[in-house]
Amino acid sequence: MSSTDPTEEFVPFTTDDYRARMARAAESAAGAGLAGVLVAPGPDLVYLTGYQPTAITERLTVLVLAAGREPVLVVPTLEAPDAAKAPGAAALTLRDWTDGKDPYALTAPLLDASGPPHGPEGAGGSRIGISDNAWAMHLLGLQKALPDTSYVSLTEALPMLRAVKDAHELARIAAAGAAADQAYGEILKVRFAGRKETDVAADLAALLLGFGHSQVDFTVVGSGPNGANPHHEAGDRVIERGDMVVLDFGGLKHGYGSDTTRTVHVGEPTDEERRVHDLVREAQQAGFEAVRPGVACQEVDRAARKVIADAGYGEHFIHRTGHGIGVTTHEPPYMIEGEELPVVPGMCFSIEPGVYLPGRFGVRIEDIVTATEDGGRRRFNNTPHEMAIVE
Ligand code: ZN
Ligand code: ZN
Ligand code: ZN
């Protein structure tokens with residue numbers, strides 16, 4: 001198990017890094033037939049500019065990207081000083097608007113609405129990509145200001161925008177993964193029996209923060225029958241001897257995500273519990289071994305699912321095998337049947353098969369992984385997959 005120094009620092013991303021990301025986004029958008037891209041506050045804006053408003057309010061903040069044009073960040077005047085401090089601000093033009101003015105009228109001319117036509121006979125004006133989390137009221141305002149345009153989800157139009165990580169991003173994801181691994185190593189030492197799930201969840205959160213996370217996104221503690229519900233977070237149930245306990249936790253460290261799951265047992269497990277745990281381990285390994293550059297994401301899902309289905313537990317694996325991770329802990333691409341996007345070196349995602357036996361127990365094992373340039377694969381979580389016995 002690799003260990004990291006929780007105070008480890010990284011060279012911050014530079015203005016040039018953000019300039020390159022924005023240029024690449026604008027080019028990919030043009031390549032996808034979009035006249036431009038509108039990016040609302042959220043993970044896409046953080047990735048492209050490093051700017052995260054302290055609060056997301058009803059006032060319009062939007063980054064406008066179009067090929068061959070300077071990026072422009074439209075911001076409320078009162079937030080402009082903060083935006084100007086963002087690491088990517090020197091690579092864009094700030095346009096601020098004061099209360100009472102129409103921010104949509106300010107934004108509309110920044111887009112080339114006479115761009116490539118779409119639809120039958122070229123009717124319908126230009127298509128613009130907009131981030132998935134933009135507020136409907138802003139989209140409606142823009143539609144009114146640019147009546148001859150249509151809008152598409154940025155995730156759908158540019159699924160690879162944030163998917164492939166460069167070496168600096170991979171180092172951060174590795175550090176986040178190593179910190180989550182350290183948290184797991186420590187949680188095995190705490191008492192489980194007789195304590196509430198929420199108590200163990202609080203321990204996990206404190207450990208993630210102690211190992212350098214700036215933000216904890218989730219600390220799932222699913223004991224006994226609660227483990228059979230993959231959406232269960234942590235509740236008042238008192239953990240008992242004999243319980244299987246699903247531990248799924250993660251958050252952000254240095255701006256990049258961790259997400260790992262191990263399933264432990266309080267005291268000695270039964271033969272059936274061991275068998276199901278072994279099966280999920282085997283499925284996780286099969287999913288991992290399916291990862292290589294060029295393979296479709298759905299093949300990773302199929303490889304893990306086949307192991308569980310062949311053992312007769314197919315109906316108890318009730319979710320996709322994995323999801324992307326980056327500046328958020330859950331994002332595209334998804335390891336799911338029907339996803340034909342190829343795995344690319346630097347793409348980071350989870351492999352997290354599970355078996356859920358309603359009313360009884362659940363088992364899930366999850367690592368963050370990536371495909372490597374040499375045609376192989378790498379895990380960012382390296383704690384043992386064997387079922388740990390806790391007290
Ligand atoms: Zn048991
Ligand atoms: Zn997870
Ligand atoms: Zn996950």
# chains A, B, ... in the order shown; residues from 1 in each chain; ligands from 1
$ closest_atom_pairs --of "chain A" --to "ligand 1" --cutoff "8 Å" --atoms "only C-alpha atoms and all ligand atoms" --output "tab-separated table"
residue	atom	partner	partner_atom_place_in_ligand_line	distance
A:Gly224	CA	ligand 1	1 (Zn)	7.6
A:Arg241	CA	ligand 1	1 (Zn)	7.4
A:Gly242	CA	ligand 1	1 (Zn)	3.7
A:Asp243	CA	ligand 1	1 (Zn)	4.5
A:Met244	CA	ligand 1	1 (Zn)	5.3
A:His265	CA	ligand 1	1 (Zn)	6.3
A:Val266	CA	ligand 1	1 (Zn)	7.0
A:Gly267	CA	ligand 1	1 (Zn)	7.6
A:Glu268	CA	ligand 1	1 (Zn)	6.9
A:Pro269	CA	ligand 1	1 (Zn)	4.6
A:Thr270	CA	ligand 1	1 (Zn)	5.7
A:Glu273	CA	ligand 1	1 (Zn)	6.3
$ residues_near_ligand --ligand "ligand 2" --cutoff "6 Å" --atoms "only C-alpha atoms and all ligand atoms" --output "PyMOL selection string"
chain A and resi 248-249+259-261
$ closest_residue --among "A:Ala29, A:Ala193, A:Asn226, A:Glu58" --to "Ala157 (chain A)" --atoms "only C-alpha atoms"
A:Ala29
$ select_by_dssp --residues "region 66-178 of chain A" --states "strand (DSSP E or B)" --output "JSON list (two decimals) with C-alpha atoms, in the first residue's frame"
[["chain", "number", "residue", "atom", "x", "y", "z"],
["A", 72, "VAL", "CA", -15.57, 35.45, -22.16],
["A", 73, "LEU", "CA", -16.81, 35.03, -18.60],
["A", 74, "VAL", "CA", -20.04, 36.92, -17.96],
["A", 75, "VAL", "CA", -20.31, 37.69, -14.22],
["A", 76, "PRO", "CA", -22.41, 39.88, -11.93],
["A", 93, "THR", "CA", -12.13, 38.38, -20.84],
["A", 94, "LEU", "CA", -14.43, 39.29, -17.95],
["A", 95, "ARG", "CA", -17.71, 41.02, -18.83],
["A", 96, "ASP", "CA", -19.66, 42.13, -15.81],
["A", 97, "TRP", "CA", -23.26, 43.21, -15.58],
["A", 117, "PRO", "CA", -27.40, 25.39, -39.38],
["A", 126, "SER", "CA", -27.29, 27.22, -34.66],
["A", 127, "ARG", "CA", -26.80, 24.66, -31.91],
["A", 128, "ILE", "CA", -25.18, 25.63, -28.65],
["A", 129, "GLY", "CA", -23.88, 23.33, -25.94],
["A", 130, "ILE", "CA", -24.87, 24.20, -22.38],
["A", 149, "THR", "CA", -30.80, 28.73, -31.61],
["A", 150, "SER", "CA", -31.21, 25.30, -30.08],
["A", 151, "TYR", "CA", -29.42, 23.87, -27.09],
["A", 152, "VAL", "CA", -27.83, 20.52, -26.35],
["A", 153, "SER", "CA", -26.44, 19.05, -23.16],
["A", 164, "VAL", "CA", -9.13, 12.08, -20.00]]
$ residues_around --residues "Leu142 (chain A)" --least-positions-apart "3" --cutoff "8 Å" --atoms "only C-alpha atoms" --output "VMD selection string"
chain A and resid 104 107 to 108 138 to 139 145 to 146
$ residues_near_ligand --ligand "ligand 3" --cutoff "9 Å" --atoms "only C-alpha atoms and all ligand atoms" --output "JSON, numbers by chain"
{"A": [248, 249, 250, 258, 259, 260, 261, 321, 322, 323, 324, 325, 329, 330, 349, 350, 351, 352, 366, 367, 368]}
$ write_last_selection --atoms "N, CA, C and O atoms" --output "PDB file, in the first residue's frame"
ATOM      1  N   ASP A 248     -18.402   2.626   1.801  1.00  0.00           N
ATOM      2  CA  ASP A 248     -18.177   3.282   0.500  1.00  0.00           C
ATOM      3  C   ASP A 248     -18.006   4.765   0.768  1.00  0.00           C
ATOM      4  O   ASP A 248     -18.939   5.428   1.209  1.00  0.00           O
ATOM      5  N   PHE A 249     -16.823   5.277   0.517  1.00  0.00           N
ATOM      6  CA  PHE A 249     -16.539   6.644   0.951  1.00  0.00           C
ATOM      7  C   PHE A 249     -15.615   7.351  -0.025  1.00  0.00           C
ATOM      8  O   PHE A 249     -14.837   6.721  -0.753  1.00  0.00           O
ATOM      9  N   GLY A 250     -15.722   8.688  -0.016  1.00  0.00           N
ATOM     10  CA  GLY A 250     -14.865   9.472  -0.901  1.00  0.00           C
ATOM     11  C   GLY A 250     -15.173  10.949  -0.809  1.00  0.00           C
ATOM     12  O   GLY A 250     -16.102  11.378  -0.120  1.00  0.00           O
ATOM     13  N   SER A 258     -11.873  10.972  -4.775  1.00  0.00           N
ATOM     14  CA  SER A 258     -11.611   9.598  -4.347  1.00  0.00           C
ATOM     15  C   SER A 258     -12.962   8.922  -4.196  1.00  0.00           C
ATOM     16  O   SER A 258     -13.978   9.589  -3.959  1.00  0.00           O
ATOM     17  N   ASP A 259     -12.984   7.605  -4.328  1.00  0.00           N
ATOM     18  CA  ASP A 259     -14.230   6.837  -4.169  1.00  0.00           C
ATOM     19  C   ASP A 259     -13.834   5.363  -4.092  1.00  0.00           C
ATOM     20  O   ASP A 259     -13.383   4.802  -5.092  1.00  0.00           O
ATOM     21  N   THR A 260     -13.963   4.771  -2.931  1.00  0.00           N
ATOM     22  CA  THR A 260     -13.594   3.363  -2.798  1.00  0.00           C
ATOM     23  C   THR A 260     -14.593   2.652  -1.901  1.00  0.00           C
ATOM     24  O   THR A 260     -15.221   3.283  -1.042  1.00  0.00           O
ATOM     25  N   THR A 261     -14.754   1.354  -2.140  1.00  0.00           N
ATOM     26  CA  THR A 261     -15.661   0.545  -1.318  1.00  0.00           C
ATOM     27  C   THR A 261     -14.964  -0.748  -0.919  1.00  0.00           C
ATOM     28  O   THR A 261     -14.336  -1.405  -1.749  1.00  0.00           O
ATOM     29  N   THR A 321     -21.645  -0.866 -13.583  1.00  0.00           N
ATOM     30  CA  THR A 321     -20.385  -1.283 -12.956  1.00  0.00           C
ATOM     31  C   THR A 321     -19.518  -0.110 -12.518  1.00  0.00           C
ATOM     32  O   THR A 321     -18.744  -0.246 -11.564  1.00  0.00           O
ATOM     33  N   GLY A 322     -19.654   1.041 -13.185  1.00  0.00           N
ATOM     34  CA  GLY A 322     -18.774   2.135 -12.770  1.00  0.00           C
ATOM     35  C   GLY A 322     -19.133   3.471 -13.381  1.00  0.00           C
ATOM     36  O   GLY A 322     -20.038   3.576 -14.209  1.00  0.00           O
ATOM     37  N   HIS A 323     -18.395   4.486 -12.941  1.00  0.00           N
ATOM     38  CA  HIS A 323     -18.614   5.875 -13.364  1.00  0.00           C
ATOM     39  C   HIS A 323     -17.282   6.590 -13.398  1.00  0.00           C
ATOM     40  O   HIS A 323     -16.332   6.190 -12.694  1.00  0.00           O
ATOM     41  N   GLY A 324     -17.228   7.651 -14.184  1.00  0.00           N
ATOM     42  CA  GLY A 324     -16.022   8.457 -14.235  1.00  0.00           C
ATOM     43  C   GLY A 324     -15.808   9.236 -12.949  1.00  0.00           C
ATOM     44  O   GLY A 324     -16.711   9.365 -12.109  1.00  0.00           O
ATOM     45  N   ILE A 325     -14.600   9.750 -12.788  1.00  0.00           N
ATOM     46  CA  ILE A 325     -14.249  10.553 -11.606  1.00  0.00           C
ATOM     47  C   ILE A 325     -13.212  11.579 -12.051  1.00  0.00           C
ATOM     48  O   ILE A 325     -12.436  11.325 -12.972  1.00  0.00           O
ATOM     49  N   THR A 329     -16.845  13.468  -7.848  1.00  0.00           N
ATOM     50  CA  THR A 329     -16.689  12.052  -7.514  1.00  0.00           C
ATOM     51  C   THR A 329     -17.568  11.146  -8.376  1.00  0.00           C
ATOM     52  O   THR A 329     -17.395   9.934  -8.341  1.00  0.00           O
ATOM     53  N   HIS A 330     -18.526  11.698  -9.112  1.00  0.00           N
ATOM     54  CA  HIS A 330     -19.358  10.894 -10.020  1.00  0.00           C
ATOM     55  C   HIS A 330     -19.575  11.690 -11.283  1.00  0.00           C
ATOM     56  O   HIS A 330     -20.152  12.769 -11.225  1.00  0.00           O
ATOM     57  N   PHE A 349     -12.004   5.983 -13.817  1.00  0.00           N
ATOM     58  CA  PHE A 349     -13.372   5.565 -13.501  1.00  0.00           C
ATOM     59  C   PHE A 349     -13.354   4.476 -12.443  1.00  0.00           C
ATOM     60  O   PHE A 349     -12.307   3.880 -12.162  1.00  0.00           O
ATOM     61  N   SER A 350     -14.541   4.228 -11.877  1.00  0.00           N
ATOM     62  CA  SER A 350     -14.654   3.197 -10.847  1.00  0.00           C
ATOM     63  C   SER A 350     -15.022   1.865 -11.483  1.00  0.00           C
ATOM     64  O   SER A 350     -15.635   1.815 -12.548  1.00  0.00           O
ATOM     65  N   ILE A 351     -14.635   0.788 -10.804  1.00  0.00           N
ATOM     66  CA  ILE A 351     -15.167  -0.552 -11.095  1.00  0.00           C
ATOM     67  C   ILE A 351     -15.699  -1.037  -9.764  1.00  0.00           C
ATOM     68  O   ILE A 351     -14.930  -1.236  -8.815  1.00  0.00           O
ATOM     69  N   GLU A 352     -17.048  -1.145  -9.674  1.00  0.00           N
ATOM     70  CA  GLU A 352     -17.678  -1.400  -8.386  1.00  0.00           C
ATOM     71  C   GLU A 352     -18.870  -2.349  -8.467  1.00  0.00           C
ATOM     72  O   GLU A 352     -20.002  -1.973  -8.158  1.00  0.00           O
ATOM     73  N   GLU A 366     -14.966  -1.685  -4.674  1.00  0.00           N
ATOM     74  CA  GLU A 366     -14.781  -0.600  -5.648  1.00  0.00           C
ATOM     75  C   GLU A 366     -13.369  -0.033  -5.596  1.00  0.00           C
ATOM     76  O   GLU A 366     -12.879   0.329  -4.526  1.00  0.00           O
ATOM     77  N   ASP A 367     -12.770   0.052  -6.776  1.00  0.00           N
ATOM     78  CA  ASP A 367     -11.503   0.767  -6.937  1.00  0.00           C
ATOM     79  C   ASP A 367     -11.652   1.780  -8.059  1.00  0.00           C
ATOM     80  O   ASP A 367     -12.393   1.540  -9.012  1.00  0.00           O
ATOM     81  N   ILE A 368     -10.915   2.876  -7.969  1.00  0.00           N
ATOM     82  CA  ILE A 368     -10.763   3.792  -9.093  1.00  0.00           C
ATOM     83  C   ILE A 368      -9.575   3.289  -9.905  1.00  0.00           C
ATOM     84  O   ILE A 368      -8.533   2.931  -9.340  1.00  0.00           O
TER      85      ILE A 368
END
$ closest_atom_pairs --of "region 156-205 of chain A" --to "region 18-28 of chain A" --cutoff "12 Å" --atoms "only C-alpha atoms" --output "tab-separated table"
residue	atom	partner	partner_atom	distance
A:Ala157	CA	A:Ser28	CA	9.2
A:Leu158	CA	A:Ser28	CA	7.2
A:Pro159	CA	A:Ser28	CA	10.2
A:Met160	CA	A:Ser28	CA	9.2
A:Leu161	CA	A:Ala25	CA	6.5
A:Arg162	CA	A:Arg21	CA	9.1
A:Val164	CA	A:Arg21	CA	11.5
A:Lys165	CA	A:Arg21	CA	11.2
A:Asp166	CA	A:Arg21	CA	10.9
$ write_last_selection --atoms "all heavy atoms" --output "compact mmCIF listing (two decimals), in the first residue's frame"
# COMPACT_ATOMS: atom_id res chain seq x y z
N ALA A 157 -22.97 16.32 -25.86
CA ALA A 157 -22.26 16.80 -27.04
C ALA A 157 -20.75 16.57 -26.93
O ALA A 157 -20.10 16.25 -27.92
CB ALA A 157 -22.56 18.28 -27.26
N LEU A 158 -20.21 16.75 -25.74
CA LEU A 158 -18.76 16.62 -25.55
C LEU A 158 -18.46 15.67 -24.39
O LEU A 158 -17.95 16.09 -23.34
CB LEU A 158 -18.12 17.99 -25.26
CG LEU A 158 -18.30 19.10 -26.29
CD1 LEU A 158 -17.56 20.36 -25.84
CD2 LEU A 158 -17.78 18.67 -27.66
N PRO A 159 -18.77 14.39 -24.55
CA PRO A 159 -18.63 13.47 -23.41
C PRO A 159 -17.18 13.33 -22.94
O PRO A 159 -16.95 12.91 -21.80
CB PRO A 159 -19.16 12.14 -23.96
CG PRO A 159 -19.07 12.27 -25.44
CD PRO A 159 -19.25 13.71 -25.76
N MET A 160 -16.23 13.69 -23.80
CA MET A 160 -14.83 13.50 -23.42
C MET A 160 -14.19 14.76 -22.82
O MET A 160 -13.00 14.77 -22.52
CB MET A 160 -14.01 13.06 -24.65
CG MET A 160 -14.49 11.75 -25.25
SD MET A 160 -14.30 10.38 -24.10
CE MET A 160 -12.55 10.07 -24.30
N LEU A 161 -15.01 15.83 -22.66
CA LEU A 161 -14.44 17.12 -22.24
C LEU A 161 -13.52 16.99 -21.03
O LEU A 161 -12.41 17.50 -21.03
CB LEU A 161 -15.58 18.11 -21.93
CG LEU A 161 -15.15 19.48 -21.41
CD1 LEU A 161 -14.32 20.22 -22.45
CD2 LEU A 161 -16.35 20.32 -21.02
N ARG A 162 -13.98 16.30 -19.98
CA ARG A 162 -13.17 16.20 -18.76
C ARG A 162 -12.69 14.77 -18.51
O ARG A 162 -12.08 14.49 -17.49
CB ARG A 162 -13.99 16.66 -17.56
CG ARG A 162 -14.33 18.14 -17.58
CD ARG A 162 -14.98 18.58 -16.27
NE ARG A 162 -16.40 18.33 -16.22
CZ ARG A 162 -17.02 17.62 -15.27
NH1 ARG A 162 -16.33 17.04 -14.29
NH2 ARG A 162 -18.33 17.46 -15.28
N VAL A 164 -10.51 12.56 -19.92
CA VAL A 164 -9.13 12.08 -20.00
C VAL A 164 -8.23 13.02 -19.21
O VAL A 164 -8.19 14.22 -19.46
CB VAL A 164 -8.66 11.98 -21.47
CG1 VAL A 164 -7.22 11.51 -21.52
CG2 VAL A 164 -9.58 11.03 -22.23
N LYS A 165 -7.53 12.45 -18.25
CA LYS A 165 -6.73 13.26 -17.34
C LYS A 165 -5.27 13.32 -17.81
O LYS A 165 -4.72 12.31 -18.26
CB LYS A 165 -6.78 12.67 -15.93
CG LYS A 165 -8.02 13.10 -15.13
CD LYS A 165 -9.31 12.53 -15.65
CE LYS A 165 -10.51 13.03 -14.86
NZ LYS A 165 -11.76 12.48 -15.41
N ASP A 166 -4.66 14.51 -17.64
CA ASP A 166 -3.24 14.62 -17.93
C ASP A 166 -2.44 14.16 -16.71
O ASP A 166 -3.01 13.78 -15.67
CB ASP A 166 -2.88 16.05 -18.37
CG ASP A 166 -3.02 17.07 -17.26
OD1 ASP A 166 -2.99 16.71 -16.06
OD2 ASP A 166 -3.16 18.28 -17.58
$ closest_residue --among "A:Ala40, A:Leu45, A:Val307, A:Val344" --to "Thr57 (chain A)" --atoms "only C-alpha atoms"
A:Ala40
$ atom_distance --atom1 "CA of Glu197 (chain A)" --atom2 "CA of Leu252 (chain A)"
22.2 Å
$ select_by_dssp --residues "region 122-344 of chain A" --states "alpha helix (DSSP H)" --output "ChimeraX atom specification"
/A:136-145,154-157,167-187,197-210,271-289,297-310
$ residues_around --residues "Phe211 (chain A)" --least-positions-apart "4" --cutoff "12 Å" --atoms "only C-alpha atoms" --output "PyMOL selection string"
chain A and resi 3-8+175-186+204-207+215-216+250-254+258
$ residues_around --residues "Gln284 (chain A)" --least-positions-apart "4" --cutoff "12 Å" --atoms "only C-alpha atoms" --output "number ranges by chain"
A: 261-262, 277-280, 288-291, 300-308, 321-322, 350-355, 363-369, 379, 385-386
$ residues_around --residues "Pro342 (chain A)" --least-positions-apart "4" --cutoff "7 Å" --atoms "only C-alpha atoms" --output "list in words"
Gly294, Val295, Ala296 and Cys297 of chain A
$ closest_residue --among "A:Cys348, A:Ala134, A:Gly210, A:Thr263" --to "Pro333 (chain A)" --atoms "only C-alpha atoms"
A:Cys348
